[in-house]
Structure formats: C-alpha cells, structure tokens
$ cat my_file27.txt   # compact mmCIF, C-alpha atoms
# COMPACT_ATOMS: atom_id res chain seq x y z
CA MET A 1318 0.00 0.00 0.00
CA ALA A 1319 1.28 3.45 -0.93
CA ILE A 1320 2.24 5.77 1.92
CA GLU A 1321 1.03 9.33 1.51
CA PRO A 1322 3.47 12.18 2.26
CA ARG A 1323 3.09 13.68 5.72
CA SER A 1324 4.57 17.12 6.41
CA ILE A 1325 6.24 17.75 9.78
CA CYS A 1326 8.14 20.64 11.33
CA PRO A 1327 11.74 20.26 12.58
CA ALA A 1328 10.52 20.95 16.12
CA VAL A 1329 8.67 17.63 16.23
CA LEU A 1330 11.32 15.56 14.43
CA GLU A 1331 12.87 14.30 17.67
CA ALA A 1332 9.55 12.97 18.94
CA GLU A 1333 8.80 11.33 15.59
CA ILE A 1334 12.14 9.48 15.47
CA ASN A 1335 12.08 8.55 19.16
CA ALA A 1336 8.71 6.93 18.69
CA ILE A 1337 10.37 4.53 16.26
CA ALA A 1338 13.90 4.01 17.64
CA LEU A 1339 12.91 3.91 21.31
CA ASP A 1340 10.05 1.48 20.84
CA PRO A 1341 10.17 -1.17 23.60
CA LYS A 1342 10.95 -3.92 21.10
CA PHE A 1343 14.35 -2.21 20.57
CA SER A 1344 15.12 -2.09 24.28
CA ARG A 1345 18.07 -4.44 23.86
CA SER A 1346 19.32 -2.84 20.64
CA ARG A 1347 21.76 0.08 20.19
CA TRP A 1348 20.84 2.98 17.92
CA GLY A 1349 23.21 5.57 16.50
CA ILE A 1350 21.64 8.35 14.45
CA LEU A 1351 22.74 11.71 13.07
CA ILE A 1352 20.74 13.96 10.76
CA GLU A 1353 22.13 17.28 9.51
CA SER A 1354 21.10 20.01 7.11
CA LEU A 1355 23.68 20.23 4.32
CA ASP A 1356 22.91 23.90 3.73
CA SER A 1357 23.29 25.16 7.29
CA GLY A 1358 25.14 22.34 9.04
CA GLN A 1359 22.45 22.35 11.71
CA VAL A 1360 22.05 19.09 13.62
CA LEU A 1361 18.37 18.17 13.42
CA TYR A 1362 18.61 14.94 15.40
CA SER A 1363 21.37 13.05 17.20
CA LEU A 1364 21.36 9.84 19.21
CA ASP A 1365 24.74 8.47 20.35
CA SER A 1366 26.15 9.81 17.10
CA GLU A 1367 29.65 10.18 18.56
CA ARG A 1368 29.85 6.55 19.68
CA PHE A 1369 31.30 3.59 17.78
CA PHE A 1370 29.07 1.15 15.94
CA LEU A 1371 29.60 -1.74 13.57
CA PRO A 1372 28.94 -0.02 10.22
CA ALA A 1373 28.94 -3.03 7.82
CA SER A 1374 28.89 -1.96 4.16
CA THR A 1375 28.29 1.74 4.83
CA ILE A 1376 32.09 1.79 5.29
CA LYS A 1377 32.24 1.55 1.48
CA LEU A 1378 31.37 5.26 1.44
CA LEU A 1379 34.84 5.97 2.88
CA THR A 1380 36.56 3.63 0.43
CA THR A 1381 34.77 5.30 -2.47
CA VAL A 1382 35.82 8.78 -1.36
CA ALA A 1383 39.50 7.84 -1.02
CA SER A 1384 39.63 6.08 -4.37
CA MET A 1385 37.96 8.96 -6.21
CA GLU A 1386 40.22 11.55 -4.61
CA THR A 1387 43.43 9.54 -5.10
CA LEU A 1388 43.02 7.71 -8.39
CA GLY A 1389 40.49 9.94 -10.15
CA PRO A 1390 37.28 8.87 -11.92
CA ASP A 1391 39.04 7.99 -15.19
CA PHE A 1392 41.54 5.54 -13.66
CA ARG A 1393 41.55 2.06 -15.22
CA ILE A 1394 43.21 -1.22 -14.22
CA ARG A 1395 45.28 -2.83 -16.96
CA THR A 1396 45.90 -6.55 -17.47
CA SER A 1397 48.83 -7.26 -19.81
CA VAL A 1398 50.20 -10.16 -21.82
CA TYR A 1399 53.90 -10.19 -22.67
CA SER A 1400 55.86 -12.46 -24.99
CA SER A 1401 59.56 -13.26 -24.98
CA GLY A 1402 59.45 -14.54 -28.54
CA ASN A 1403 60.83 -17.95 -27.55
CA GLY A 1404 57.51 -19.62 -26.82
CA ASN A 1405 56.97 -18.16 -23.36
CA VAL A 1406 53.97 -15.93 -22.74
CA TYR A 1407 53.36 -14.03 -19.51
CA ILE A 1408 50.03 -12.70 -18.29
CA VAL A 1409 50.26 -10.07 -15.56
CA GLY A 1410 47.21 -9.10 -13.52
CA ARG A 1411 46.90 -5.90 -11.52
CA GLY A 1412 43.69 -6.63 -9.68
CA ASP A 1413 40.97 -5.91 -12.25
CA PRO A 1414 37.79 -7.33 -10.62
CA THR A 1415 35.76 -7.11 -13.85
CA ILE A 1416 37.54 -9.79 -15.88
CA THR A 1417 35.33 -12.54 -17.29
CA ASN A 1418 35.67 -14.95 -20.20
CA THR A 1419 34.86 -12.05 -22.50
CA GLU A 1420 38.08 -10.23 -21.58
CA LEU A 1421 40.11 -13.44 -21.82
CA GLU A 1422 38.68 -14.02 -25.30
CA SER A 1423 39.82 -10.52 -26.28
CA LEU A 1424 43.36 -11.29 -25.08
CA ALA A 1425 43.37 -14.58 -26.97
CA GLN A 1426 42.17 -12.90 -30.16
CA GLN A 1427 44.91 -10.29 -29.87
CA LEU A 1428 47.47 -13.09 -29.62
CA ARG A 1429 45.98 -14.75 -32.71
CA ASP A 1430 46.18 -11.46 -34.57
CA ARG A 1431 49.90 -11.36 -33.77
CA GLY A 1432 50.36 -14.80 -35.23
CA ILE A 1433 50.76 -16.62 -31.92
CA SER A 1434 49.16 -20.06 -32.23
CA GLN A 1435 51.41 -22.06 -29.92
CA ILE A 1436 52.66 -21.32 -26.41
CA ASP A 1437 55.33 -23.43 -24.80
CA THR A 1438 54.97 -22.03 -21.27
CA LEU A 1439 52.12 -19.80 -20.16
CA VAL A 1440 53.21 -17.97 -17.01
CA ALA A 1441 50.52 -16.33 -14.90
CA LYS A 1442 52.20 -13.72 -12.71
CA ASP A 1443 50.24 -13.23 -9.51
CA GLY A 1444 51.29 -11.23 -6.49
CA TYR A 1445 51.07 -7.67 -7.80
CA PHE A 1446 49.21 -7.15 -4.53
CA PRO A 1447 51.64 -8.27 -1.81
CA GLY A 1448 50.12 -9.72 1.33
CA MET A 1449 47.27 -12.07 2.13
CA THR A 1450 44.45 -12.65 -0.34
CA VAL A 1451 41.93 -13.34 2.45
CA ASN A 1452 41.38 -10.78 5.19
CA PRO A 1453 42.30 -12.39 8.55
CA ASN A 1454 39.53 -10.36 10.23
CA TRP A 1455 36.73 -12.01 8.24
CA GLU A 1456 34.47 -14.65 9.72
CA TRP A 1457 34.88 -18.33 8.89
CA GLU A 1458 31.49 -18.57 7.17
CA ASP A 1459 32.11 -15.42 5.12
CA VAL A 1460 35.34 -16.57 3.45
CA GLN A 1461 33.53 -19.64 2.08
CA ALA A 1462 30.97 -17.55 0.23
CA GLY A 1463 31.33 -15.64 -3.01
CA TYR A 1464 30.83 -12.32 -1.24
CA GLY A 1465 33.96 -13.10 0.81
CA ALA A 1466 36.10 -14.37 -2.06
CA PRO A 1467 39.89 -13.93 -1.91
CA VAL A 1468 41.32 -10.87 -3.64
CA ASN A 1469 44.51 -11.28 -5.64
CA SER A 1470 45.89 -9.61 -8.76
CA LEU A 1471 44.53 -12.23 -11.19
CA ILE A 1472 40.76 -12.19 -10.62
CA LEU A 1473 38.41 -14.14 -12.88
CA HIS A 1474 34.62 -14.01 -12.48
CA GLN A 1475 35.17 -12.23 -9.15
CA ASN A 1476 36.92 -15.37 -7.84
CA SER A 1477 33.53 -16.97 -7.47
CA LEU A 1478 32.15 -20.46 -8.14
CA ASP A 1479 28.64 -19.84 -9.46
CA LEU A 1480 25.80 -22.33 -9.07
CA LYS A 1481 22.05 -22.22 -9.62
CA LEU A 1482 19.40 -23.94 -7.52
CA TRP A 1483 16.17 -25.04 -9.22
CA PRO A 1484 12.98 -26.18 -7.43
CA THR A 1485 11.75 -29.58 -8.58
CA GLU A 1486 8.19 -30.57 -9.48
CA ASN A 1487 7.52 -32.37 -6.22
CA VAL A 1488 7.55 -31.09 -2.64
CA GLY A 1489 10.20 -32.77 -0.53
CA GLN A 1490 12.65 -33.46 -3.32
CA PRO A 1491 16.13 -31.88 -3.31
CA LEU A 1492 16.60 -28.80 -5.43
CA ARG A 1493 18.38 -29.38 -8.72
CA VAL A 1494 21.89 -27.91 -8.66
CA THR A 1495 23.62 -26.76 -11.85
CA TRP A 1496 26.86 -24.90 -12.58
CA VAL A 1497 26.50 -21.54 -14.30
CA ARG A 1498 29.82 -22.25 -16.04
CA PRO A 1499 30.05 -26.05 -16.35
CA GLU A 1500 33.84 -26.00 -16.62
CA GLN A 1501 34.00 -24.76 -13.03
CA GLY A 1502 32.35 -27.95 -11.79
CA ILE A 1503 35.17 -30.22 -12.90
CA GLY A 1504 36.65 -31.94 -9.86
CA TRP A 1505 34.02 -30.62 -7.41
CA GLN A 1506 31.55 -32.71 -5.43
CA VAL A 1507 28.26 -31.05 -4.44
CA ASP A 1508 26.77 -31.98 -1.07
CA ASN A 1509 23.11 -31.13 -1.69
CA GLN A 1510 21.13 -30.66 1.54
CA THR A 1511 18.26 -28.70 -0.03
CA ARG A 1512 14.60 -29.39 -0.66
CA THR A 1513 11.60 -28.12 -2.55
CA VAL A 1514 8.84 -26.88 -0.23
CA SER A 1515 5.26 -25.69 -0.45
CA THR A 1516 4.48 -22.00 -0.81
CA THR A 1517 3.43 -21.81 2.85
CA GLU A 1518 6.98 -22.55 4.09
CA PRO A 1519 9.84 -20.01 4.28
CA GLU A 1520 12.52 -19.79 1.60
CA PHE A 1521 16.26 -19.60 2.26
CA VAL A 1522 19.47 -20.89 0.73
CA ALA A 1523 23.08 -21.07 1.90
CA ILE A 1524 26.36 -22.21 0.40
CA GLY A 1525 29.74 -23.13 1.80
CA ARG A 1526 32.75 -25.18 0.88
CA SER A 1527 35.32 -27.40 2.49
CA PHE A 1528 38.77 -25.96 3.16
CA THR A 1529 40.46 -29.33 2.80
CA GLU A 1530 38.50 -31.13 0.06
CA PRO A 1531 36.82 -30.10 -3.23
CA ILE A 1532 33.32 -30.17 -1.76
CA ILE A 1533 30.60 -27.53 -2.19
CA ARG A 1534 27.81 -27.65 0.39
CA VAL A 1535 24.40 -26.18 -0.43
CA SER A 1536 21.45 -26.09 1.93
CA GLY A 1537 18.06 -24.43 2.20
CA GLN A 1538 14.69 -24.59 0.51
CA LEU A 1539 12.75 -22.93 -2.31
CA HIS A 1540 9.05 -22.89 -3.12
CA ILE A 1541 7.71 -25.29 -5.70
CA GLY A 1542 7.31 -23.37 -8.96
CA ALA A 1543 9.65 -20.58 -7.80
CA GLU A 1544 12.33 -18.99 -9.96
CA PRO A 1545 15.83 -20.51 -9.66
CA GLU A 1546 18.24 -18.95 -7.16
CA ASN A 1547 21.89 -18.14 -7.82
CA VAL A 1548 24.43 -19.01 -5.10
CA PHE A 1549 28.15 -18.31 -5.02
CA ALA A 1550 31.12 -19.93 -3.29
CA ALA A 1551 34.66 -18.58 -3.09
CA VAL A 1552 37.39 -20.24 -5.17
CA ILE A 1553 40.20 -21.87 -3.22
CA ASN A 1554 43.20 -20.94 -5.39
CA PRO A 1555 42.35 -17.78 -7.35
CA GLY A 1556 45.62 -17.64 -9.30
CA GLN A 1557 45.24 -21.22 -10.51
CA ASN A 1558 41.58 -20.55 -11.26
CA PHE A 1559 42.61 -17.68 -13.55
CA LEU A 1560 45.35 -19.70 -15.23
CA ASP A 1561 43.04 -22.64 -15.89
CA GLY A 1562 40.37 -20.31 -17.25
CA PHE A 1563 42.79 -18.59 -19.61
CA LYS A 1564 44.16 -21.91 -20.86
CA THR A 1565 40.61 -23.02 -21.66
CA ILE A 1566 39.91 -19.85 -23.62
CA LEU A 1567 43.20 -20.11 -25.51
CA SER A 1568 42.34 -23.69 -26.48
CA GLN A 1569 38.95 -22.55 -27.74
CA GLN A 1570 40.75 -19.94 -29.85
CA GLU A 1571 43.00 -22.72 -31.25
CA ILE A 1572 46.09 -21.58 -29.39
CA SER A 1573 47.85 -24.60 -27.93
CA VAL A 1574 49.53 -24.38 -24.53
CA ASN A 1575 52.18 -26.94 -23.64
CA ARG A 1576 52.15 -26.09 -19.93
CA GLY A 1577 50.99 -23.38 -17.56
CA ILE A 1578 52.64 -22.25 -14.35
CA LEU A 1579 52.00 -19.68 -11.63
CA ALA A 1580 54.78 -17.26 -10.71
CA ASN A 1581 55.27 -14.33 -8.39
CA TYR A 1582 54.85 -10.88 -9.84
CA SER A 1583 57.93 -9.26 -11.35
CA GLN A 1584 58.45 -6.48 -13.83
CA GLY A 1585 59.83 -8.10 -16.99
CA SER A 1586 61.40 -6.57 -20.07
CA GLU A 1587 59.34 -8.47 -22.64
CA PRO A 1588 57.17 -6.44 -25.04
CA GLU A 1589 53.44 -6.18 -24.37
CA VAL A 1590 51.52 -8.09 -27.05
CA ALA A 1591 47.97 -7.93 -25.70
CA TRP A 1592 46.04 -6.07 -23.02
CA VAL A 1593 42.61 -5.30 -21.63
CA GLU A 1594 41.53 -2.54 -19.26
CA SER A 1595 38.80 -2.28 -16.71
CA PRO A 1596 35.99 0.25 -17.02
CA PRO A 1597 36.90 3.62 -15.48
CA LEU A 1598 36.90 3.97 -11.70
CA SER A 1599 33.64 5.90 -11.89
CA GLU A 1600 31.96 2.69 -13.11
CA LEU A 1601 33.86 0.45 -10.68
CA VAL A 1602 32.66 2.42 -7.66
CA ARG A 1603 29.14 2.38 -9.05
CA THR A 1604 29.19 -1.43 -9.07
CA LEU A 1605 30.89 -1.38 -5.66
CA ASN A 1606 28.11 0.66 -4.04
CA MET A 1607 25.08 -0.32 -6.09
CA GLN A 1608 25.67 -4.05 -5.57
CA SER A 1609 27.61 -3.63 -2.30
CA ASN A 1610 30.34 -5.65 -4.00
CA ASN A 1611 33.06 -6.68 -1.56
CA VAL A 1612 35.50 -7.98 -4.16
CA PHE A 1613 35.43 -4.64 -5.99
CA ALA A 1614 35.95 -2.77 -2.72
CA GLU A 1615 38.90 -4.89 -1.61
CA ALA A 1616 40.52 -4.76 -5.06
CA ILE A 1617 40.33 -0.95 -4.96
CA VAL A 1618 41.82 -0.87 -1.46
CA ARG A 1619 44.78 -2.93 -2.67
CA THR A 1620 45.10 -0.76 -5.77
CA LEU A 1621 45.51 2.21 -3.46
CA GLY A 1622 47.98 0.36 -1.26
CA VAL A 1623 50.21 -1.08 -3.96
CA GLN A 1624 51.47 2.42 -4.71
CA ARG A 1625 53.33 2.33 -1.38
CA ARG A 1626 55.34 -0.78 -2.36
CA SER A 1627 54.90 -2.25 1.10
CA SER A 1628 54.68 -5.92 2.08
CA ASP A 1629 50.90 -5.70 2.53
CA ALA A 1630 48.84 -3.90 -0.08
CA ALA A 1631 45.61 -4.19 1.92
CA SER A 1632 47.03 -2.55 5.06
CA SER A 1633 48.72 0.15 2.99
CA GLY A 1634 45.46 0.81 1.20
CA LEU A 1635 43.61 1.29 4.47
CA ASN A 1636 46.33 3.72 5.59
CA MET A 1637 45.90 5.60 2.31
CA ILE A 1638 42.15 5.89 2.95
CA ALA A 1639 42.83 7.35 6.40
CA GLU A 1640 45.33 9.87 5.01
CA VAL A 1641 42.93 11.01 2.30
CA LEU A 1642 40.14 11.43 4.83
CA ASP A 1643 42.54 13.37 7.09
CA ASN A 1644 43.21 15.79 4.25
CA LEU A 1645 39.48 16.19 3.65
CA GLY A 1646 38.80 16.99 7.30
CA VAL A 1647 37.12 13.72 8.25
CA SER A 1648 37.98 12.89 11.85
CA ARG A 1649 40.27 9.84 12.16
CA SER A 1650 39.05 9.29 15.72
CA GLY A 1651 35.60 8.49 14.30
CA TYR A 1652 36.45 5.19 12.63
CA VAL A 1653 38.59 2.05 12.76
CA LEU A 1654 39.20 0.29 9.44
CA ARG A 1655 40.01 -3.40 9.17
CA ASP A 1656 38.89 -3.70 5.56
CA GLY A 1657 37.46 -1.50 2.83
CA SER A 1658 34.26 -3.42 2.19
CA GLY A 1659 32.67 -3.55 5.63
CA LEU A 1660 32.63 -7.34 5.84
CA SER A 1661 34.88 -7.36 8.90
CA ARG A 1662 33.17 -7.24 12.28
CA HIS A 1663 36.25 -5.42 13.57
CA ASN A 1664 35.41 -2.23 11.67
CA LEU A 1665 34.03 0.63 13.73
CA ALA A 1666 32.49 3.96 12.75
CA THR A 1667 30.42 6.68 14.32
CA PRO A 1668 27.34 8.13 12.64
CA GLU A 1669 29.24 11.45 12.85
CA VAL A 1670 32.08 10.26 10.63
CA LEU A 1671 29.67 8.88 8.03
CA VAL A 1672 27.87 12.22 7.87
CA GLU A 1673 31.21 14.07 7.73
CA THR A 1674 32.14 11.95 4.72
CA LEU A 1675 28.80 12.59 3.04
CA ARG A 1676 29.18 16.33 3.63
CA VAL A 1677 32.70 16.33 2.14
CA MET A 1678 31.47 14.70 -1.05
CA TRP A 1679 28.48 17.03 -1.27
CA ASN A 1680 31.02 19.82 -1.82
CA SER A 1681 33.47 17.78 -3.91
CA PRO A 1682 34.18 18.25 -7.64
CA HIS A 1683 33.36 14.54 -7.89
CA TRP A 1684 29.89 15.02 -6.36
CA GLU A 1685 27.86 14.01 -9.42
CA ILE A 1686 29.88 10.82 -9.94
CA TYR A 1687 29.66 10.01 -6.24
CA GLN A 1688 25.90 10.52 -6.20
CA ASP A 1689 25.44 8.42 -9.33
CA ALA A 1690 27.22 5.52 -7.60
CA ILE A 1691 24.83 5.41 -4.63
CA PRO A 1692 21.57 3.40 -4.69
CA VAL A 1693 18.35 5.37 -5.10
CA ALA A 1694 15.38 4.52 -2.88
CA GLY A 1695 12.86 2.33 -4.69
CA VAL A 1696 14.79 2.64 -7.94
CA SER A 1697 18.25 1.08 -8.06
CA GLY A 1698 20.91 -1.10 -6.46
CA THR A 1699 20.39 -2.49 -2.98
CA LEU A 1700 17.51 -0.04 -2.45
CA GLU A 1701 15.56 -1.05 -5.54
CA ARG A 1702 12.98 -2.99 -3.54
CA ARG A 1703 12.97 -0.72 -0.51
CA PHE A 1704 10.87 2.45 -0.17
CA GLN A 1705 8.67 1.61 -3.14
CA ASP A 1706 5.36 3.53 -3.08
CA THR A 1707 6.61 5.80 -0.28
CA PRO A 1708 7.50 9.50 -0.29
CA ALA A 1709 11.18 8.45 -0.16
CA GLN A 1710 11.11 6.78 -3.56
CA GLY A 1711 13.42 8.62 -5.93
CA ARG A 1712 14.33 11.23 -3.28
CA VAL A 1713 16.83 9.31 -1.14
CA TRP A 1714 20.36 8.26 -2.15
CA ALA A 1715 21.91 5.95 0.42
CA LYS A 1716 24.37 3.12 1.06
CA THR A 1717 23.09 0.05 2.87
CA GLY A 1718 24.82 -2.14 5.43
CA THR A 1719 23.62 -5.49 6.75
CA MET A 1720 24.97 -8.20 9.03
CA ARG A 1721 23.37 -10.57 11.46
CA GLY A 1722 22.07 -8.48 14.35
CA MET A 1723 22.64 -5.11 12.70
CA SER A 1724 21.54 -2.84 9.89
CA SER A 1725 22.64 0.58 8.68
CA LEU A 1726 21.82 3.21 6.10
CA ALA A 1727 23.68 6.42 5.32
CA GLY A 1728 23.10 8.97 2.59
CA TYR A 1729 21.12 11.97 1.41
CA VAL A 1730 17.51 13.13 1.44
CA LYS A 1731 16.40 15.72 -1.11
CA SER A 1732 13.11 17.48 -0.58
CA GLU A 1733 11.26 20.30 -2.32
CA SER A 1734 10.12 21.73 1.00
CA TYR A 1735 13.34 21.56 3.05
CA SER A 1736 17.08 21.82 2.61
CA PRO A 1737 19.00 18.67 1.57
CA LEU A 1738 19.92 16.37 4.46
CA ALA A 1739 22.80 14.03 5.21
CA PHE A 1740 21.97 11.17 7.55
CA ALA A 1741 23.46 8.06 9.11
CA ILE A 1742 21.30 5.51 10.90
CA ILE A 1743 22.78 2.40 12.52
CA VAL A 1744 21.24 -0.22 14.76
CA ASN A 1745 23.55 -2.76 16.40
CA GLN A 1746 23.41 -5.65 18.86
CA SER A 1747 19.86 -6.59 18.06
CA ASN A 1748 18.06 -9.90 18.37
CA LEU A 1749 15.47 -8.81 15.82
CA SER A 1750 15.33 -9.94 12.20
CA THR A 1751 16.96 -7.98 9.39
CA GLN A 1752 13.52 -7.21 8.01
CA GLU A 1753 12.38 -5.66 11.31
CA LEU A 1754 15.52 -3.52 11.55
CA ARG A 1755 15.22 -2.32 7.97
CA GLU A 1756 11.55 -1.49 8.40
CA ALA A 1757 12.34 0.71 11.40
CA ILE A 1758 15.19 2.49 9.58
CA ASP A 1759 12.98 3.01 6.54
CA ARG A 1760 10.23 4.53 8.66
CA ILE A 1761 12.72 7.07 10.01
CA VAL A 1762 13.88 7.96 6.51
CA VAL A 1763 10.29 8.39 5.32
CA VAL A 1764 9.75 10.80 8.22
CA LEU A 1765 12.73 12.84 6.98
CA THR A 1766 11.18 13.25 3.54
CA GLY A 1767 8.24 15.06 5.15
CA LEU A 1768 10.31 17.83 6.73
CA GLN A 1769 9.31 21.37 5.87
CA SER A 1770 10.24 24.82 7.12
CA CYS A 1771 7.83 26.07 9.76
CA ASP A 1772 8.46 29.74 10.52

$ encode --input "my_file27.txt" --output "structure tokens"
Amino acid sequence: MAIEPRSICPAVLEAEINAIALDPKFSRSRWGILIESLDSGQVLYSLDSERFFLPASTIKLLTTVASMETLGPDFRIRTSVYSSGNGNVYIVGRGDPTITNTELESLAQQLRDRGISQIDTLVAKDGYFPGMTVNPNWEWEDVQAGYGAPVNSLILHQNSLDLKLWPTENVGQPLRVTWVRPEQGIGWQVDNQTRTVSTTEPEFVAIGRSFTEPIIRVSGQLHIGAEPENVFAAVINPGQNFLDGFKTILSQQEISVNRGILANYSQGSEPEVAWVESPPLSELVRTLNMQSNNVFAEAIVRTLGVQRRSSDAASSGLNMIAEVLDNLGVSRSGYVLRDGSGLSRHNLATPEVLVETLRVMWNSPHWEIYQDAIPVAGVSGTLERRFQDTPAQGRVWAKTGTMRGMSSLAGYVKSESYSPLAFAIIVNQSNLSTQELREAIDRIVVVLTGLQSCD
C-alpha cells in the first residue's frame, strides 16, 4: 500500500524518530543516528552519534571517497600479456575485478592477430598485490561464500564459483543444482542438503565449501514453482583458477599451450603483445556501491595500497584511505578500518564520521559521480525494492549495510520543502530480524522526507 506524504516541522522531528527508535521492542538494541542540514550544518537529530558502531557496508562510502580523490574517476586497471618470442607468454594481472571470459577471449584474439598459435609455457604472474588474499579479520562462514572471495591480482569471475538452484516438481525433493559455467564444476563434489517446499513454508538458501576437500555444500529450501536462485562460493586458489580459465579460452581460440605455471609478480622486459583494461573507476565504484560488492571494494583498497610498495597492499590501502580522509577533514578518531568493504566485524564507525564523509562529497568536484554511484530509494541497487510507493522513492540516495544483528543506512535526502539532508542511521546488537531492523530504519527515513520549514 502506498504511503502518503506527511509534512512535519523540525521541532517535532525528535519525537517522531524517538517513537520509532525507542520502541520497547528495541530495548536491547543500540541505535546511533545523526541527521544534519547540508545547507546550514544544523544538527536536526542526534542519538549516540559520537559513539562507535559496527557499520557493515556503509564503510564503502569511505573507500569510495578515497579512491575517487586519489586515483580519479578515469583511472583504469590494466591486465597485460607479454611475450619473450621464444615460446613463453606471460600474463600479468593488476587486480581488475571485472575480468570474465569475454576479456580473456579478447586477449586470446589479440594473440591470434599477432600470429601466436602455440605457447610453450604460459606464465601467470600473480602477487602484484603483496600480502594475504583473504582478510584475517573475516568470519569463517564469510570466506567460504562468493561475497567473501579472496582478492589477488589475477581475478576471474570475481573469484567466485557460481551455481544455480532449481525447485523440482515435487515437494520434498532436493533442489536441482547446476553450474553456471560447467567447466567450473570439474573436480568438485556437491553436497546437496536442499529441498523443494510448499508456498506456505519459508525460503532460504546457503552455500559453503570445504577448506580441505573439493566439496561444495548447499542447503536451504525454495518454493515449488519458484524462480531458480543463484548461489556463489569462493574459489580456493584464485591464481590457478585464472590460469586454468585462460588456458581453456586459448584452447577454444586454437592456441595450444604446452604447460601453464604460476609465478610471483615481477616487472619483466618483454614487449606487451595484448592487453585489456577495466571500465573507469567511476563505473567500478558504481558497481561497488550499487551491488555492495566486496571484491570490488577490496581490489580498490589494494590498488591504493600497492602504490606504497609495502609488504601488505591491503594494510597500505587502508592507511591511504585514512590519510585522504585526514586531508578532507574527516575525523580519524571516528572510525577504525580493518577492511574497505565492511565485511569485517572489527570495523568501527560513528554516525558522525559517516555524515562528515557525506558532507565532504556534497562539496566535492566529484559530487555528481559520487551521487550516481549510490543506490536510489525504490529505484536502483540495494535499495531497488525498498521504499517503493513511499515519499522516499526517488528522493533518497543511500548506502546500505547489513549483518546478522545489525543494519545501517547512510546517505542523502532531497526534498522540495526543506534543505537537503545528510543522515546516518545504525542499529547494532539486536536480536530482531533484518527485516524488522530495515523497516524501522525506513520509517525514520520516510519521516525525513516530510520535513518542511515552519516559521
């Protein structure tokens, strides 16, 4: 049912928000909220806004700012192929998270155009990003899933194993499991603990994988007659996954490969014979925020950090983010970064620092690109299905954050009857469902869209 706009004066905003956030059902939950006018800087509402909270993916707002300010919106990531002329071919990755079979086919065609039809040794040089490929601060269950895939310098299909679950024709039967790219299924065993259920039962799916054996585990249930569901597991050896994928594409392009090996990154003297580039950074950060893509975020963090030539690109990248934010006037005491995606439960941020970041970008030369990269309420990205048929639809730009026991939303509200607002709303340490937390946050945001000047 559509929600009609309801105008309120700033003087009653506190009571309106308190009625939602301080409801008895949230008595064991922690709220952090800050709402400011972007025109005047006036604080319209604050609740524990100076205290630390687990921000989840709203931390991507900080990563986006640092990358835009440091690398620029036109920056691209280049993947190169070099040839020594003696039968050896080297492919060097620099962390492009957008590479799929399409880009590998382009590289293979470029090699064909240069008359290369036989490769003695194909060397895949990984390690452009020094340091660990998996963040040590991530949870055990997260690093099994596609959203927690390892991040290296040779990334193919976002280092994800992609499967699809199909309901069967009879209730009680296991879901049918297929591989989106059949070649990925070679050597894997699927432990299928799923079932098809009636439309009166809840739907859910989960995926994990063994760390010691090639076993994918899928569980959950889907309604009979429902659409298939995509699930994603993280690859175990991303460099080998890339090498195997490229060898397959080369074979399809009738380029024979005698052997393929992985090697550490080094700057060679061989001429470049083929290359592909990522879309510009402006498009990368759009995918990062619209889809809340962790692999994109972590690849960008390492791209920032590799400029320092340290032993850990991820840590250096986080230090770069902090330095950029320092220069922009965002208080370092307001956040603790353990990754750039928000997947780590060791990240901390105050609502104040999120609003500071939003205010900085409101006045940035990159404002339009930054705004275009943020989901729009009821329209796009992770907010496409939220705020539909409410006054917030099409008038709120915000980044989402979700983990078990918490939810967050930070962004902008634009209204015809009041000045633009920056807001950050976080609820932590809750025993309520994600849906209940989101509904409460969304109610607060809808209230904000009804603000009007009352002289």

$ closest_residue --input "my_file27.txt" --among "A:Ala1441, A:Ile1408, A:Leu1473, A:Ile1686" --to "A:Trp1592" --atoms "all atoms listed in the file"
A:Ile1408

$ atom_distance --input "my_file27.txt" --atom1 "atom CA of A:Tyr1399" --atom2 "atom CA of A:Pro1467"
25.3 Å

$ closest_residue --input "my_file27.txt" --among "A:Val1590, A:Ile1503, A:Leu1379, A:Ile1433" --to "A:Tyr1407" --atoms "only C-alpha atoms"
A:Val1590

$ atom_distance --input "my_file27.txt" --atom1 "atom CA of A:Asn1403" --atom2 "atom CA of A:Ser1573"
14.6 Å

$ closest_residue --input "my_file27.txt" --among "A:Gln1538, A:Asn1452, A:Gln1359, A:Asn1554" --to "A:Ser1632" --atoms "all atoms listed in the file"
A:Asn1452

$ atom_distance --input "my_file27.txt" --atom1 "atom CA of A:Leu1675" --atom2 "atom CA of A:Arg1721"
25.2 Å

$ residues_around --input "my_file27.txt" --residues "A:Tyr1362" --least-positions-apart "2" --cutoff "10 Å" --atoms "all atoms listed in the file" --output "PyMOL selection string"
chain A and resi 1327+1330-1332+1334-1335+1350-1353+1359-1360+1364+1366+1740

$ closest_atom_pairs --input "my_file27.txt" --of "stretch 1407-1495 of chain A" --to "stretch 1598-1612 of chain A" --cutoff "7 Å" --atoms "all atoms listed in the file" --output "JSON lines"
{"residue": "A:Pro1414", "atom": "CA", "partner": "A:Val1612", "partner_atom": "CA", "distance": 6.9}
{"residue": "A:Tyr1464", "atom": "CA", "partner": "A:Asn1611", "partner_atom": "CA", "distance": 6.1}
{"residue": "A:Gly1465", "atom": "CA", "partner": "A:Asn1611", "partner_atom": "CA", "distance": 6.9}
{"residue": "A:Ala1466", "atom": "CA", "partner": "A:Val1612", "partner_atom": "CA", "distance": 6.8}
{"residue": "A:Val1468", "atom": "CA", "partner": "A:Val1612", "partner_atom": "CA", "distance": 6.5}
{"residue": "A:Gln1475", "atom": "CA", "partner": "A:Val1612", "partner_atom": "CA", "distance": 6.6}

$ residues_around --input "my_file27.txt" --residues "A:Leu1671" --least-positions-apart "2" --cutoff "8 Å" --atoms "all atoms listed in the file" --output "PyMOL selection string"
chain A and resi 1375-1376+1378-1379+1666-1669+1673-1675+1727+1741

$ residues_around --input "my_file27.txt" --residues "A:Arg1534" --least-positions-apart "6" --cutoff "8 Å" --atoms "all atoms listed in the file" --output "list in words"
Val1507, Asp1508, Asn1509, Gln1510, Ile1524, Gly1525, Arg1526 and Ser1527 of chain A

$ residues_around --input "my_file27.txt" --residues "A:Pro1499" --least-positions-apart "5" --cutoff "12 Å" --atoms "only C-alpha atoms" --output "list in words"
Leu1478, Asp1479, Leu1480, Lys1481, Val1494, Gly1504, Trp1505 and Gly1562 of chain A

$ closest_residue --input "my_file27.txt" --among "A:Asp1689, A:Asp1643, A:Glu1486, A:Glu1333" --to "A:Val1670" --atoms "all atoms listed in the file"
A:Asp1643

$ residues_around --input "my_file27.txt" --residues "A:Gln1426" --least-positions-apart "4" --cutoff "10 Å" --atoms "all atoms listed in the file" --output "list in words"
Glu1420, Leu1421, Glu1422, Asp1430, Arg1431, Gly1432, Ile1433, Ile1566, Leu1567, Gln1570, Glu1571, Ile1572 and Ala1591 of chain A

$ closest_residue --input "my_file27.txt" --among "A:Gln1584, A:Leu1645, A:Ser1568, A:Gly1711" --to "A:Asn1680" --atoms "all atoms listed in the file"
A:Leu1645

$ closest_residue --input "my_file27.txt" --among "A:Pro1545, A:Gly1651, A:Gly1502, A:Gly1358" --to "A:Phe1521" --atoms "all atoms listed in the file"
A:Pro1545

$ residues_near_point --input "my_file27.txt" --point "(13.6, -7.9, 18.9)" --cutoff "7 Å" --atoms "only C-alpha atoms" --output "JSON, numbers by chain"
{"A": [1342, 1343, 1747, 1748, 1749]}
